[in-house]
$ cat run08.cif   # mmCIF, C-alpha atoms (C1' of nucleotides)
data_structure
#
loop_
_atom_site.label_atom_id
_atom_site.label_comp_id
_atom_site.auth_asym_id
_atom_site.auth_seq_id
_atom_site.Cartn_x
_atom_site.Cartn_y
_atom_site.Cartn_z
CA MET W 1067 -33.58 15.43 25.38
CA ASN W 1068 -30.15 16.71 24.58
CA LYS W 1069 -28.65 19.95 25.48
CA ARG W 1070 -29.31 22.02 22.43
CA ARG W 1071 -26.45 24.39 22.95
CA PHE W 1072 -24.62 22.57 20.21
CA VAL W 1073 -26.08 21.94 16.80
CA ILE W 1074 -24.20 18.70 16.31
CA PRO W 1075 -25.08 15.84 18.68
CA VAL W 1076 -22.46 14.73 21.18
CA ARG W 1077 -21.66 11.39 19.71
CA GLN W 1078 -20.88 12.88 16.35
CA ARG W 1079 -18.88 15.69 17.90
CA ILE W 1080 -16.77 13.14 19.72
CA LEU W 1081 -16.16 11.19 16.53
CA ILE W 1082 -15.11 14.31 14.67
CA ALA W 1083 -12.81 15.48 17.44
CA ALA W 1084 -11.32 12.02 17.82
CA GLY W 1085 -10.65 11.74 14.11
CA ASP W 1086 -9.03 15.12 14.05
CA LEU W 1087 -6.71 14.36 16.95
CA PHE W 1088 -5.96 10.82 15.83
CA HIS W 1089 -4.87 12.08 12.48
CA LYS W 1090 -2.78 14.92 13.90
CA HIS W 1091 -1.04 13.20 16.79
CA GLY W 1092 -1.50 9.53 16.12
CA ILE W 1093 -3.98 7.22 17.78
CA ARG W 1094 -1.75 6.28 20.66
CA GLY W 1095 -0.67 9.87 21.11
CA VAL W 1096 -4.12 11.06 22.09
CA GLY W 1097 -5.88 10.40 25.36
CA VAL W 1098 -9.62 10.09 25.80
CA GLU W 1099 -9.62 13.14 28.03
CA ALA W 1100 -8.20 15.30 25.26
CA ILE W 1101 -10.77 13.95 22.85
CA ALA W 1102 -13.63 14.74 25.19
CA GLU W 1103 -12.31 18.24 25.72
CA ALA W 1104 -11.93 18.86 22.00
CA ALA W 1105 -15.51 17.71 21.55
CA HIS W 1106 -16.64 20.19 24.22
CA THR W 1107 -17.78 17.46 26.55
CA ASN W 1108 -16.18 15.18 29.11
CA LYS W 1109 -14.77 11.73 29.56
CA MET W 1110 -17.87 10.33 31.25
CA THR W 1111 -20.15 11.23 28.38
CA LEU W 1112 -17.64 9.77 25.96
CA TYR W 1113 -17.75 6.46 27.77
CA ARG W 1114 -21.53 6.51 27.71
CA HIS W 1115 -21.40 6.53 23.90
CA PHE W 1116 -18.39 4.28 23.34
CA GLU W 1117 -17.62 1.34 25.53
CA SER W 1118 -13.88 1.76 25.19
CA LYS W 1119 -11.23 3.74 23.40
CA ASP W 1120 -10.66 0.84 21.04
CA GLU W 1121 -14.33 0.86 20.11
CA LEU W 1122 -14.16 4.58 19.49
CA ILE W 1123 -11.22 3.98 17.19
CA ALA W 1124 -13.13 1.25 15.40
CA GLU W 1125 -16.15 3.48 14.97
CA TRP W 1126 -13.98 6.24 13.58
CA VAL W 1127 -12.46 3.83 11.08
CA ARG W 1128 -15.93 2.62 10.12
CA GLY W 1129 -16.85 6.19 9.30
CA ILE W 1130 -13.86 6.66 7.03
CA VAL W 1131 -14.47 3.37 5.28
CA ALA W 1132 -18.17 4.11 4.79
CA HIS W 1133 -17.32 7.47 3.30
CA LYS W 1134 -14.85 5.93 0.89
CA GLU W 1135 -17.22 3.25 -0.27
CA GLU W 1136 -19.90 5.84 -0.84
CA GLU W 1137 -17.50 7.65 -3.11
CA TRP W 1138 -17.04 4.45 -5.07
CA LYS W 1139 -20.78 4.31 -5.58
CA ASP W 1140 -20.81 7.90 -6.75
CA LEU W 1141 -18.11 7.01 -9.21
CA ALA W 1142 -20.04 4.01 -10.49
CA ALA W 1143 -23.19 6.08 -10.89
CA LYS W 1144 -21.38 8.85 -12.70
CA HIS W 1145 -19.65 6.56 -15.20
CA ARG W 1146 -22.16 3.77 -15.55
CA GLY W 1147 -20.97 1.14 -17.99
CA ASP W 1148 -17.64 2.92 -18.39
CA PRO W 1149 -15.05 1.17 -16.21
CA GLU W 1150 -12.16 3.07 -17.79
CA GLY W 1151 -13.87 6.32 -16.95
CA GLN W 1152 -14.29 5.20 -13.36
CA LEU W 1153 -10.62 4.39 -13.00
CA GLN W 1154 -9.56 7.66 -14.56
CA ASP W 1155 -11.90 9.72 -12.47
CA TRP W 1156 -10.75 7.82 -9.44
CA SER W 1157 -7.15 8.77 -10.06
CA ARG W 1158 -8.15 12.40 -10.50
CA ARG W 1159 -10.01 12.47 -7.22
CA TRP W 1160 -7.06 10.95 -5.42
CA ALA W 1161 -4.67 13.38 -6.99
CA ALA W 1162 -6.83 16.22 -5.76
CA LYS W 1163 -6.68 14.89 -2.22
CA LEU W 1164 -2.96 14.35 -2.16
CA ARG W 1165 -2.10 17.75 -0.78
CA ALA W 1166 -4.05 17.00 2.39
CA MET W 1167 -1.94 13.88 2.86
CA GLU W 1168 1.32 15.75 2.65
CA GLU W 1169 1.68 16.27 6.36
CA ARG W 1170 0.40 13.13 7.99
CA GLY W 1171 -0.37 10.68 5.22
CA SER W 1172 -3.47 8.54 5.01
CA PRO W 1173 -5.46 8.00 8.21
CA LEU W 1174 -6.14 4.39 7.34
CA ALA W 1175 -2.51 3.65 6.61
CA ASN W 1176 -1.43 5.26 9.85
CA ALA W 1177 -4.08 3.38 11.77
CA LEU W 1178 -2.81 0.13 10.31
CA ALA W 1179 0.68 0.99 11.48
CA GLU W 1180 -0.46 2.03 14.91
CA LEU W 1181 -2.65 -0.99 15.62
CA PRO W 1182 -0.39 -4.03 15.41
CA ASP W 1183 -2.83 -6.27 17.22
CA PRO W 1184 -4.60 -8.34 14.54
CA LYS W 1185 -7.55 -8.79 16.86
CA HIS W 1186 -8.19 -5.09 17.24
CA PRO W 1187 -11.80 -4.31 16.25
CA ALA W 1188 -10.64 -1.66 13.78
CA ARG W 1189 -8.39 -4.10 11.96
CA ARG W 1190 -11.19 -6.23 10.58
CA VAL W 1191 -12.92 -3.16 9.23
CA MET W 1192 -9.83 -1.96 7.40
CA GLN W 1193 -8.89 -5.41 6.16
CA GLU W 1194 -12.31 -6.06 4.71
CA HIS W 1195 -12.49 -2.63 3.14
CA LYS W 1196 -9.12 -2.97 1.44
CA LEU W 1197 -10.11 -6.33 0.09
CA ARG W 1198 -13.41 -5.02 -1.25
CA GLU W 1199 -11.61 -2.11 -2.85
CA TYR W 1200 -9.05 -4.40 -4.44
CA LYS W 1201 -11.69 -6.73 -5.81
CA ARG W 1202 -13.56 -3.73 -7.14
CA VAL W 1203 -10.51 -2.64 -9.09
CA VAL W 1204 -10.01 -6.15 -10.42
CA ARG W 1205 -13.64 -6.23 -11.53
CA LEU W 1206 -13.26 -2.88 -13.25
CA CYS W 1207 -10.13 -4.01 -15.06
CA LYS W 1208 -11.87 -7.17 -16.19
CA SER W 1209 -15.01 -5.45 -17.43
CA ALA W 1210 -12.84 -2.89 -19.20
CA GLY W 1211 -11.45 -5.77 -21.20
CA PHE W 1212 -7.85 -5.22 -20.15
CA ARG W 1213 -5.53 -8.05 -21.03
CA ASP W 1214 -4.01 -9.40 -17.82
CA PRO W 1215 -6.52 -7.69 -15.57
CA ALA W 1216 -4.90 -9.18 -12.46
CA MET W 1217 -1.65 -7.39 -13.18
CA THR W 1218 -3.32 -4.17 -14.21
CA ALA W 1219 -5.34 -4.16 -11.01
CA ASP W 1220 -2.23 -4.67 -8.93
CA LEU W 1221 -0.60 -1.85 -10.82
CA PHE W 1222 -3.50 0.46 -10.10
CA SER W 1223 -3.48 -0.45 -6.45
CA MET W 1224 0.26 0.04 -6.08
CA LEU W 1225 0.08 3.41 -7.77
CA LEU W 1226 -2.72 4.70 -5.62
CA GLU W 1227 -1.34 3.47 -2.33
CA GLY W 1228 2.13 4.56 -3.26
CA ALA W 1229 1.05 8.07 -4.13
CA HIS W 1230 0.22 8.82 -0.49
CA ARG W 1231 3.55 7.67 0.78
CA CYS W 1232 5.54 9.52 -1.85
CA VAL W 1233 3.69 12.72 -1.17
CA GLN W 1234 4.28 12.30 2.53
CA SER W 1235 7.97 11.55 2.28
CA VAL W 1236 9.23 13.64 -0.61
CA GLY W 1237 6.52 16.26 -0.96
CA MET W 1238 3.92 17.04 -3.54
CA ARG W 1239 5.92 18.10 -6.54
CA GLN W 1240 4.07 16.79 -9.56
CA ILE W 1241 3.07 13.46 -8.17
CA GLY W 1242 -0.60 14.24 -8.56
CA GLU W 1243 -0.28 15.10 -12.22
CA HIS W 1244 2.01 12.17 -12.87
CA LEU W 1245 -0.43 9.81 -11.24
CA VAL W 1246 -3.21 11.02 -13.52
CA GLN W 1247 -0.96 10.83 -16.56
CA VAL W 1248 0.10 7.29 -15.86
CA VAL W 1249 -3.43 6.07 -15.30
CA ASP W 1250 -4.55 7.73 -18.52
CA LEU W 1251 -1.67 6.07 -20.32
CA MET W 1252 -2.57 2.69 -18.91
CA VAL W 1253 -6.17 3.04 -19.96
CA GLU W 1254 -5.15 4.25 -23.41
CA ASN W 1255 -2.62 1.48 -23.99
CA ASN W 1256 -4.99 -1.20 -22.80
CA ARG W 1257 -7.99 0.04 -24.67
CA GLN W 1258 -6.46 -0.61 -28.07
CA ARG W 1259 -4.39 -3.74 -28.58
CA PRO W 1260 -1.32 -5.21 -26.92
CA THR W 1261 1.66 -2.85 -27.10
CA SER W 1262 4.17 -5.04 -25.31
CA MET Q 820 36.24 -4.54 29.95
CA ASN Q 821 32.87 -5.98 29.10
CA LYS Q 822 31.36 -9.07 30.45
CA ARG Q 823 32.16 -11.57 27.78
CA ARG Q 824 29.19 -13.80 28.47
CA PHE Q 825 27.60 -12.51 25.30
CA VAL Q 826 29.29 -12.46 21.94
CA ILE Q 827 27.44 -9.37 20.76
CA PRO Q 828 28.13 -6.16 22.67
CA VAL Q 829 25.30 -4.71 24.73
CA ARG Q 830 24.63 -1.66 22.67
CA GLN Q 831 24.12 -3.68 19.55
CA ARG Q 832 21.98 -6.22 21.37
CA ILE Q 833 19.75 -3.41 22.56
CA LEU Q 834 19.41 -2.03 19.07
CA ILE Q 835 18.51 -5.42 17.66
CA ALA Q 836 15.97 -6.15 20.37
CA ALA Q 837 14.47 -2.68 20.06
CA GLY Q 838 14.11 -3.01 16.31
CA ASP Q 839 12.49 -6.38 16.67
CA LEU Q 840 9.93 -5.19 19.21
CA PHE Q 841 9.30 -1.88 17.47
CA HIS Q 842 8.47 -3.68 14.31
CA LYS Q 843 6.28 -6.27 15.99
CA HIS Q 844 4.31 -4.12 18.39
CA GLY Q 845 4.83 -0.59 17.18
CA ILE Q 846 7.18 1.98 18.64
CA ARG Q 847 4.73 3.35 21.13
CA GLY Q 848 3.61 -0.12 22.07
CA VAL Q 849 6.96 -1.11 23.49
CA GLY Q 850 8.46 0.09 26.76
CA VAL Q 851 12.15 0.50 27.45
CA GLU Q 852 11.94 -2.15 30.13
CA ALA Q 853 10.74 -4.74 27.64
CA ILE Q 854 13.53 -3.78 25.27
CA ALA Q 855 16.18 -4.14 27.94
CA GLU Q 856 14.82 -7.52 28.93
CA ALA Q 857 14.73 -8.75 25.35
CA ALA Q 858 18.34 -7.64 25.00
CA HIS Q 859 19.25 -9.64 28.10
CA THR Q 860 20.19 -6.57 30.06
CA ASN Q 861 18.38 -3.91 32.08
CA LYS Q 862 16.96 -0.44 31.84
CA MET Q 863 19.92 1.24 33.52
CA THR Q 864 22.41 -0.10 31.03
CA LEU Q 865 20.11 0.92 28.21
CA TYR Q 866 20.09 4.49 29.46
CA ARG Q 867 23.87 4.48 29.73
CA HIS Q 868 24.04 3.82 25.98
CA PHE Q 869 21.09 5.93 24.81
CA GLU Q 870 20.16 9.17 26.42
CA SER Q 871 16.44 8.66 25.85
CA LYS Q 872 13.94 6.37 24.19
CA ASP Q 873 13.60 8.86 21.36
CA GLU Q 874 17.33 8.72 20.75
CA LEU Q 875 17.20 4.95 20.72
CA ILE Q 876 14.45 5.15 18.12
CA ALA Q 877 16.52 7.56 16.06
CA GLU Q 878 19.55 5.31 16.25
CA TRP Q 879 17.48 2.34 15.16
CA VAL Q 880 16.19 4.30 12.18
CA ARG Q 881 19.73 5.37 11.34
CA GLY Q 882 20.69 1.73 11.19
CA ILE Q 883 17.90 0.86 8.78
CA VAL Q 884 18.67 3.83 6.57
CA ALA Q 885 22.38 3.04 6.51
CA HIS Q 886 21.65 -0.53 5.52
CA LYS Q 887 19.37 0.58 2.70
CA GLU Q 888 21.84 3.03 1.31
CA GLU Q 889 24.54 0.43 1.40
CA GLU Q 890 22.31 -1.75 -0.72
CA TRP Q 891 22.03 1.06 -3.24
CA LYS Q 892 25.80 1.15 -3.45
CA ASP Q 893 25.90 -2.59 -3.99
CA LEU Q 894 23.40 -2.14 -6.78
CA ALA Q 895 25.45 0.60 -8.39
CA ALA Q 896 28.62 -1.47 -8.18
CA LYS Q 897 26.95 -4.52 -9.64
CA HIS Q 898 25.43 -2.69 -12.61
CA ARG Q 899 28.00 0.03 -13.22
CA GLY Q 900 27.00 2.20 -16.15
CA ASP Q 901 23.71 0.36 -16.50
CA PRO Q 902 20.95 2.40 -14.86
CA GLU Q 903 18.19 0.25 -16.33
CA GLY Q 904 19.80 -2.80 -14.82
CA GLN Q 905 19.95 -1.08 -11.45
CA LEU Q 906 16.26 -0.26 -11.53
CA GLN Q 907 15.31 -3.74 -12.61
CA ASP Q 908 17.47 -5.42 -10.03
CA TRP Q 909 16.07 -3.04 -7.46
CA SER Q 910 12.52 -4.11 -8.20
CA ARG Q 911 13.53 -7.75 -7.95
CA ARG Q 912 15.13 -7.27 -4.56
CA TRP Q 913 12.05 -5.48 -3.27
CA ALA Q 914 9.78 -8.16 -4.60
CA ALA Q 915 11.83 -10.75 -2.75
CA LYS Q 916 11.40 -8.84 0.50
CA LEU Q 917 7.68 -8.31 0.16
CA ARG Q 918 6.71 -11.45 2.01
CA ALA Q 919 8.41 -10.18 5.13
CA MET Q 920 6.29 -7.04 4.93
CA GLU Q 921 3.03 -8.93 4.77
CA GLU Q 922 2.38 -8.86 8.48
CA ARG Q 923 3.55 -5.48 9.65
CA GLY Q 924 4.57 -3.50 6.60
CA SER Q 925 7.68 -1.42 6.28
CA PRO Q 926 9.42 -0.35 9.50
CA LEU Q 927 10.18 3.09 8.10
CA ALA Q 928 6.62 3.67 6.96
CA ASN Q 929 5.28 2.60 10.32
CA ALA Q 930 7.78 4.79 12.12
CA LEU Q 931 6.64 7.74 10.06
CA ALA Q 932 3.06 7.05 11.06
CA GLU Q 933 3.94 6.59 14.71
CA LEU Q 934 6.06 9.70 15.09
CA PRO Q 935 3.84 12.66 14.21
CA ASP Q 936 6.13 15.18 15.83
CA PRO Q 937 8.11 16.82 13.00
CA LYS Q 938 10.89 17.64 15.45
CA HIS Q 939 11.47 14.06 16.45
CA PRO Q 940 15.14 13.16 15.90
CA ALA Q 941 14.18 10.15 13.81
CA ARG Q 942 12.09 12.23 11.43
CA ARG Q 943 15.03 14.13 9.94
CA VAL Q 944 16.82 10.89 9.26
CA MET Q 945 13.88 9.39 7.42
CA GLN Q 946 13.05 12.57 5.56
CA GLU Q 947 16.59 13.00 4.29
CA HIS Q 948 16.88 9.36 3.32
CA LYS Q 949 13.65 9.38 1.34
CA LEU Q 950 14.77 12.50 -0.48
CA ARG Q 951 18.17 11.00 -1.31
CA GLU Q 952 16.48 7.85 -2.55
CA TYR Q 953 14.07 9.82 -4.69
CA LYS Q 954 16.83 11.92 -6.22
CA ARG Q 955 18.76 8.76 -6.90
CA VAL Q 956 15.88 7.32 -8.88
CA VAL Q 957 15.51 10.57 -10.80
CA ARG Q 958 19.22 10.48 -11.61
CA LEU Q 959 18.95 6.89 -12.78
CA CYS Q 960 15.98 7.68 -14.99
CA LYS Q 961 17.83 10.61 -16.50
CA SER Q 962 21.05 8.72 -17.18
CA ALA Q 963 19.01 5.89 -18.65
CA GLY Q 964 17.80 8.40 -21.22
CA PHE Q 965 14.13 8.00 -20.38
CA ARG Q 966 11.91 10.61 -21.90
CA ASP Q 967 10.14 12.49 -19.11
CA PRO Q 968 12.46 11.20 -16.40
CA ALA Q 969 10.60 13.18 -13.72
CA MET Q 970 7.42 11.26 -14.39
CA THR Q 971 9.14 7.92 -14.73
CA ALA Q 972 10.90 8.47 -11.43
CA ASP Q 973 7.62 9.30 -9.72
CA LEU Q 974 6.14 6.19 -11.24
CA PHE Q 975 8.96 4.04 -9.91
CA SER Q 976 8.64 5.55 -6.48
CA MET Q 977 4.89 5.12 -6.32
CA LEU Q 978 5.17 1.50 -7.40
CA LEU Q 979 7.78 0.61 -4.85
CA GLU Q 980 6.16 2.36 -1.93
CA GLY Q 981 2.76 1.11 -2.94
CA ALA Q 982 3.89 -2.49 -3.13
CA HIS Q 983 4.43 -2.61 0.62
CA ARG Q 984 1.01 -1.28 1.44
CA CYS Q 985 -0.79 -3.57 -1.01
CA VAL Q 986 0.98 -6.59 0.33
CA GLN Q 987 0.11 -5.57 3.86
CA SER Q 988 -3.54 -4.90 3.20
CA VAL Q 989 -4.59 -7.43 0.61
CA GLY Q 990 -1.87 -10.07 0.91
CA MET Q 991 0.93 -11.24 -1.29
CA ARG Q 992 -0.85 -12.81 -4.23
CA GLN Q 993 1.27 -12.02 -7.26
CA ILE Q 994 2.15 -8.48 -6.38
CA GLY Q 995 5.85 -9.28 -6.32
CA GLU Q 996 5.82 -10.75 -9.81
CA HIS Q 997 3.61 -7.99 -11.11
CA LEU Q 998 5.92 -5.37 -9.72
CA VAL Q 999 8.87 -6.92 -11.53
CA GLN Q 1000 6.86 -7.26 -14.72
CA VAL Q 1001 5.78 -3.65 -14.72
CA VAL Q 1002 9.27 -2.34 -14.09
CA ASP Q 1003 10.64 -4.52 -16.88
CA LEU Q 1004 7.90 -3.20 -19.16
CA MET Q 1005 8.72 0.36 -18.26
CA VAL Q 1006 12.39 -0.12 -18.95
CA GLU Q 1007 11.64 -1.90 -22.21
CA ASN Q 1008 9.18 0.70 -23.45
CA ASN Q 1009 11.46 3.55 -22.56
CA ARG Q 1010 14.61 2.03 -23.92
CA GLN Q 1011 13.39 2.04 -27.51
CA ARG Q 1012 11.34 4.96 -28.73
CA PRO Q 1013 8.09 6.57 -27.61
CA THR Q 1014 5.23 4.09 -27.71
CA SER Q 1015 2.48 6.39 -26.53
"C1'" DT P 1285 46.85 -7.68 44.31
"C1'" DC P 1286 44.32 -3.50 43.62
"C1'" DC P 1287 42.01 -0.36 40.81
"C1'" DT P 1288 38.92 0.90 37.30
"C1'" DC P 1289 35.12 0.83 34.70
"C1'" DA P 1290 31.13 -1.39 32.51
"C1'" DT P 1291 27.32 -3.68 33.97
"C1'" DG P 1292 23.61 -5.53 37.18
"C1'" DT P 1293 20.07 -4.62 40.89
"C1'" DT P 1294 16.63 -2.43 43.40
"C1'" DA P 1295 13.84 1.01 44.51
"C1'" DC P 1296 11.81 4.92 43.48
"C1'" DC P 1297 9.59 9.30 41.19
"C1'" DG P 1298 6.08 12.00 38.77
"C1'" DA P 1299 3.09 11.90 35.14
"C1'" DG P 1300 -0.24 10.20 32.17
"C1'" DC P 1301 -3.11 6.61 30.83
"C1'" DG P 1302 -7.93 4.04 30.32
"C1'" DG P 1303 -11.83 3.45 32.90
"C1'" DT P 1304 -15.44 3.89 36.82
"C1'" DA P 1305 -18.47 5.52 40.81
"C1'" DA P 1306 -21.37 8.82 42.83
"C1'" DC P 1307 -23.66 12.73 42.61
"C1'" DA P 1308 -25.24 17.27 40.59
"C1'" DT P 1309 -27.25 19.60 36.78
"C1'" DT P 1310 -29.77 20.48 32.74
"C1'" DT P 1311 -33.22 19.52 29.32
"C1'" DA P 1312 -37.39 18.35 27.09
"C1'" DA P 1313 -41.67 15.93 27.21
"C1'" DG P 1314 -46.09 14.91 29.78
"C1'" DC X 170 -44.59 21.30 37.84
"C1'" DT X 171 -43.09 16.84 37.72
"C1'" DT X 172 -40.37 13.41 35.92
"C1'" DA X 173 -37.09 10.72 33.37
"C1'" DA X 174 -33.25 10.70 30.67
"C1'" DA X 175 -28.95 12.70 28.99
"C1'" DT X 176 -25.17 15.25 30.29
"C1'" DG X 177 -21.77 17.60 33.45
"C1'" DT X 178 -18.53 17.34 37.55
"C1'" DT X 179 -15.33 15.59 40.64
"C1'" DA X 180 -12.72 12.38 42.54
"C1'" DC X 181 -10.72 8.33 42.31
"C1'" DC X 182 -8.45 3.55 40.93
"C1'" DG X 183 -4.75 0.61 39.22
"C1'" DC X 184 -1.44 0.42 36.01
"C1'" DT X 185 2.31 1.52 32.98
"C1'" DC X 186 5.44 4.57 31.36
"C1'" DG X 187 10.09 7.12 30.75
"C1'" DG X 188 13.73 8.23 33.54
"C1'" DT X 189 16.98 8.50 37.78
"C1'" DA X 190 19.66 7.57 42.20
"C1'" DA X 191 22.40 4.64 44.95
"C1'" DC X 192 24.69 0.85 45.54
"C1'" DA X 193 26.42 -3.93 44.42
"C1'" DT X 194 28.89 -7.01 41.38
"C1'" DG X 195 32.00 -8.47 38.20
"C1'" DA X 196 35.94 -8.78 35.01
"C1'" DG X 197 40.29 -7.19 32.97
"C1'" DG X 198 44.64 -4.58 33.09
"C1'" DA X 199 48.59 -2.87 35.77
#
$ encode --input "run08.cif" --output "C-alpha cells"
Amino acid sequence: MNKRRFVIPVRQRILIAAGDLFHKHGIRGVGVEAIAEAAHTNKMTLYRHFESKDELIAEWVRGIVAHKEEEWKDLAAKHRGDPEGQLQDWSRRWAAKLRAMEERGSPLANALAELPDPKHPARRVMQEHKLREYKRVVRLCKSAGFRDPAMTADLFSMLLEGAHRCVQSVGMRQIGEHLVQVVDLMVENNRQRPTS
Amino acid sequence: MNKRRFVIPVRQRILIAAGDLFHKHGIRGVGVEAIAEAAHTNKMTLYRHFESKDELIAEWVRGIVAHKEEEWKDLAAKHRGDPEGQLQDWSRRWAAKLRAMEERGSPLANALAELPDPKHPARRVMQEHKLREYKRVVRLCKSAGFRDPAMTADLFSMLLEGAHRCVQSVGMRQIGEHLVQVVDLMVENNRQRPTS
DNA sequence: TCCTCATGTTACCGAGCGGTAACATTTAAG
DNA sequence: CTTAAATGTTACCGCTCGGTAACATGAGGA
C-alpha cells in the first residue's frame, strides 16, 4: 500500500517532524510546507492525514500528553502502594530531563503560550491533562498521609513546573539536584510528624 | 509640537496598546496595523517611533523588566536590613498578582516561548533580567544567613516561577495562599537552626 | 503670517502563509 | 497484468504580514 522506501509510515514521520520544528522554532514560526519537507513528503500528503494545521498541532499535543501519562503509569507500577516513592522517583526523572529543557523549555508550556485561543483543539487536551496530573499529585499526597495534602500537592506542582522555567532562564546549575533534595526533604518531614 | 488631542504621547500609547495585545493574543498573533489602530494612530507613525516590530517588542519587554526591578528596589527600601522580610513580602505581592495570570500567564514567560531566536533583541533583556533577579535572591538568602543559600534560592525561584504556570493550567484555587505559607515556613525553619 | 515638524492618509510592495484542485506516479494486492 | 489506493507534483488561490514611499494635514513657535 505505502511506499516502503521509509520504515516509518508517513503520518508518524509528519508528527515527528512537526514536533521537532514546533519545539525548535515555535508553533507559529513553522509553516506546513517546512514540516512536510522535514518529513520527506509534501504538503498535499500532510493535508490528507491532518485536516488542518491546528489539528496537526492538537495531534502532536495528544502524543506528548499520552506519553506523559504512560510514564505516570510506569511510576505507579514500579512503586505500587508507595506514594512517597512515586513522588521521589518523579522528581528524579524530571531532574534528569531538565537539561533538554535548557534551550527551549517545555513543549507544553510553550504551546500554551503560543495558542491564546481558548477554543483551540489543543487547549482542551492540555487543560485536561494538567488537571489530571494535578489531581494525581493530590491523591498521592493524601494516600501518603501528608498533613495538609492540598498544600503539599500545590508545592509539588509549583516546584516541578518552576524547575523548567528556572532552567530555561538562568541555566542548569544545580537546579536538578536541588529539586530532588527538596522533594526528599518534603517526603521525609511529612512522613514523621509535624515539624512546623 | 504634538497634536494635543490625546493626553498620553503617541509613543507611550503605542507601547501600552502593543503590550495589551501581545499579552492577549500572543506576540506573533498581533500585527503592527492592529497595534497602531488600538493606539489610535497608524502604522506610519508607529514606524517613525520604532524601527521594526522586533524593536517594539524589545522596548515593551524593557518596560516590563524596568517595572519589575523598580519593585525590587521598593521592596529593599521597605525592608532595609531585613532580607527575610523582603522574601516574604515578595511572595505576598506575587500571590496577589496571580489572579491576573490565570488567563494568559506571565508576559515574560510567554515572550520567551514565542521568541525562539536567541539573537532576538528582546531575548538579551529577559535573559539579563532573570539572571539579575536570581542573583538577587541568592544574595538575600545569603545575607539572611540561610544554611545552603544556593539551594534555598533555587527553591524560591522554582516556587515563584512555578506559581504562574500552576495558576494558568489548573486555576487559582489556593495556590496564592499556599505559596505564601510555604515561603513563611521556609523563612521560619531557616531562621532558627537546622530542622532536617 | 510663515515655517517647521510631528502626525495622518493612502497606496503599494514582496513574501509567506494555510489550504485546494488536478493530474501524474508509485505501490501492493488480486 | 490489472486495478485501486496512497503518495508525489505543480500550480494556484486569497489573505495577511512587515515595511515603505509620497503626499496631505495640522498645530505651535517665531
$ resolve_selection --input "run08.cif" --expression "the PyMOL selection byres ((chain X) within 9 of (chain W))" --output "list of chain:residue names"
X:DA174, X:DA175, X:DT176, X:DG177
$ write_last_selection --input "run08.cif" --atoms "C-alpha atoms (C1' of nucleotides)" --output "PDB file, in the frame of the given file"
ATOM      1  C1'  DA X 174     -33.250  10.700  30.670  1.00  0.00           C
ATOM      2  C1'  DA X 175     -28.950  12.700  28.990  1.00  0.00           C
ATOM      3  C1'  DT X 176     -25.170  15.250  30.290  1.00  0.00           C
ATOM      4  C1'  DG X 177     -21.770  17.600  33.450  1.00  0.00           C
TER       5       DG X 177
END
$ closest_residue --input "run08.cif" --among "Q:Phe825, Q:Glu933, Q:Arg911, Q:His868" --to "Val1096 (chain W)" --atoms "all atoms listed in the file"
Q:Glu933
$ atom_distance --input "run08.cif" --atom1 "CA of Ser962 (chain Q)" --atom2 "CA of Phe975 (chain Q)"
14.9 Å
$ atom_distance --input "run08.cif" --atom1 "CA of Glu1243 (chain W)" --atom2 "CA of Arg912 (chain Q)"
28.2 Å
$ interface_residues --input "run08.cif" --of "chain P" --to "chain W" --cutoff "10 Å" --atoms "only C-alpha atoms (C1' of nucleotides)" --output "list in words"
DG1300, DC1301, DG1302, DG1303, DT1304, DT1310, DT1311, DA1312 and DA1313 of chain P
$ build_atoms --input "run08.cif" --residues "region 958-969 of chain Q" --atoms "N, CA and C atoms" --output "mmCIF file, keeping the file's coordinate frame"
data_model
loop_
_atom_site.group_PDB
_atom_site.id
_atom_site.type_symbol
_atom_site.label_atom_id
_atom_site.label_comp_id
_atom_site.auth_asym_id
_atom_site.auth_seq_id
_atom_site.Cartn_x
_atom_site.Cartn_y
_atom_site.Cartn_z
ATOM 1 N N ARG Q 958 17.942 10.507 -10.931
ATOM 2 C CA ARG Q 958 19.220 10.480 -11.610
ATOM 3 C C ARG Q 958 19.327 9.248 -12.513
ATOM 4 N N LEU Q 959 18.902 8.115 -11.982
ATOM 5 C CA LEU Q 959 18.950 6.890 -12.780
ATOM 6 C C LEU Q 959 18.081 7.005 -14.020
ATOM 7 N N CYS Q 960 16.890 7.548 -13.848
ATOM 8 C CA CYS Q 960 15.980 7.680 -14.990
ATOM 9 C C CYS Q 960 16.558 8.632 -16.034
ATOM 10 N N LYS Q 961 17.218 9.665 -15.554
ATOM 11 C CA LYS Q 961 17.830 10.610 -16.500
ATOM 12 C C LYS Q 961 18.967 9.952 -17.261
ATOM 13 N N SER Q 962 19.880 9.290 -16.519
ATOM 14 C CA SER Q 962 21.050 8.720 -17.180
ATOM 15 C C SER Q 962 20.675 7.509 -18.020
ATOM 16 N N ALA Q 963 19.480 6.980 -17.788
ATOM 17 C CA ALA Q 963 19.010 5.890 -18.650
ATOM 18 C C ALA Q 963 18.437 6.454 -19.956
ATOM 19 N N GLY Q 964 18.296 7.771 -20.002
ATOM 20 C CA GLY Q 964 17.800 8.400 -21.220
ATOM 21 C C GLY Q 964 16.294 8.305 -21.385
ATOM 22 N N PHE Q 965 15.591 8.034 -20.283
ATOM 23 C CA PHE Q 965 14.130 8.000 -20.380
ATOM 24 C C PHE Q 965 13.602 9.359 -20.775
ATOM 25 N N ARG Q 966 12.610 9.356 -21.680
ATOM 26 C CA ARG Q 966 11.910 10.610 -21.900
ATOM 27 C C ARG Q 966 11.061 10.863 -20.666
ATOM 28 N N ASP Q 967 10.875 12.101 -20.320
ATOM 29 C CA ASP Q 967 10.140 12.490 -19.110
ATOM 30 C C ASP Q 967 10.638 11.748 -17.867
ATOM 31 N N PRO Q 968 11.902 11.933 -17.537
ATOM 32 C CA PRO Q 968 12.460 11.200 -16.400
ATOM 33 C C PRO Q 968 11.774 11.547 -15.079
ATOM 34 N N ALA Q 969 11.276 12.792 -14.960
ATOM 35 C CA ALA Q 969 10.600 13.180 -13.720
ATOM 36 C C ALA Q 969 9.381 12.291 -13.484
#
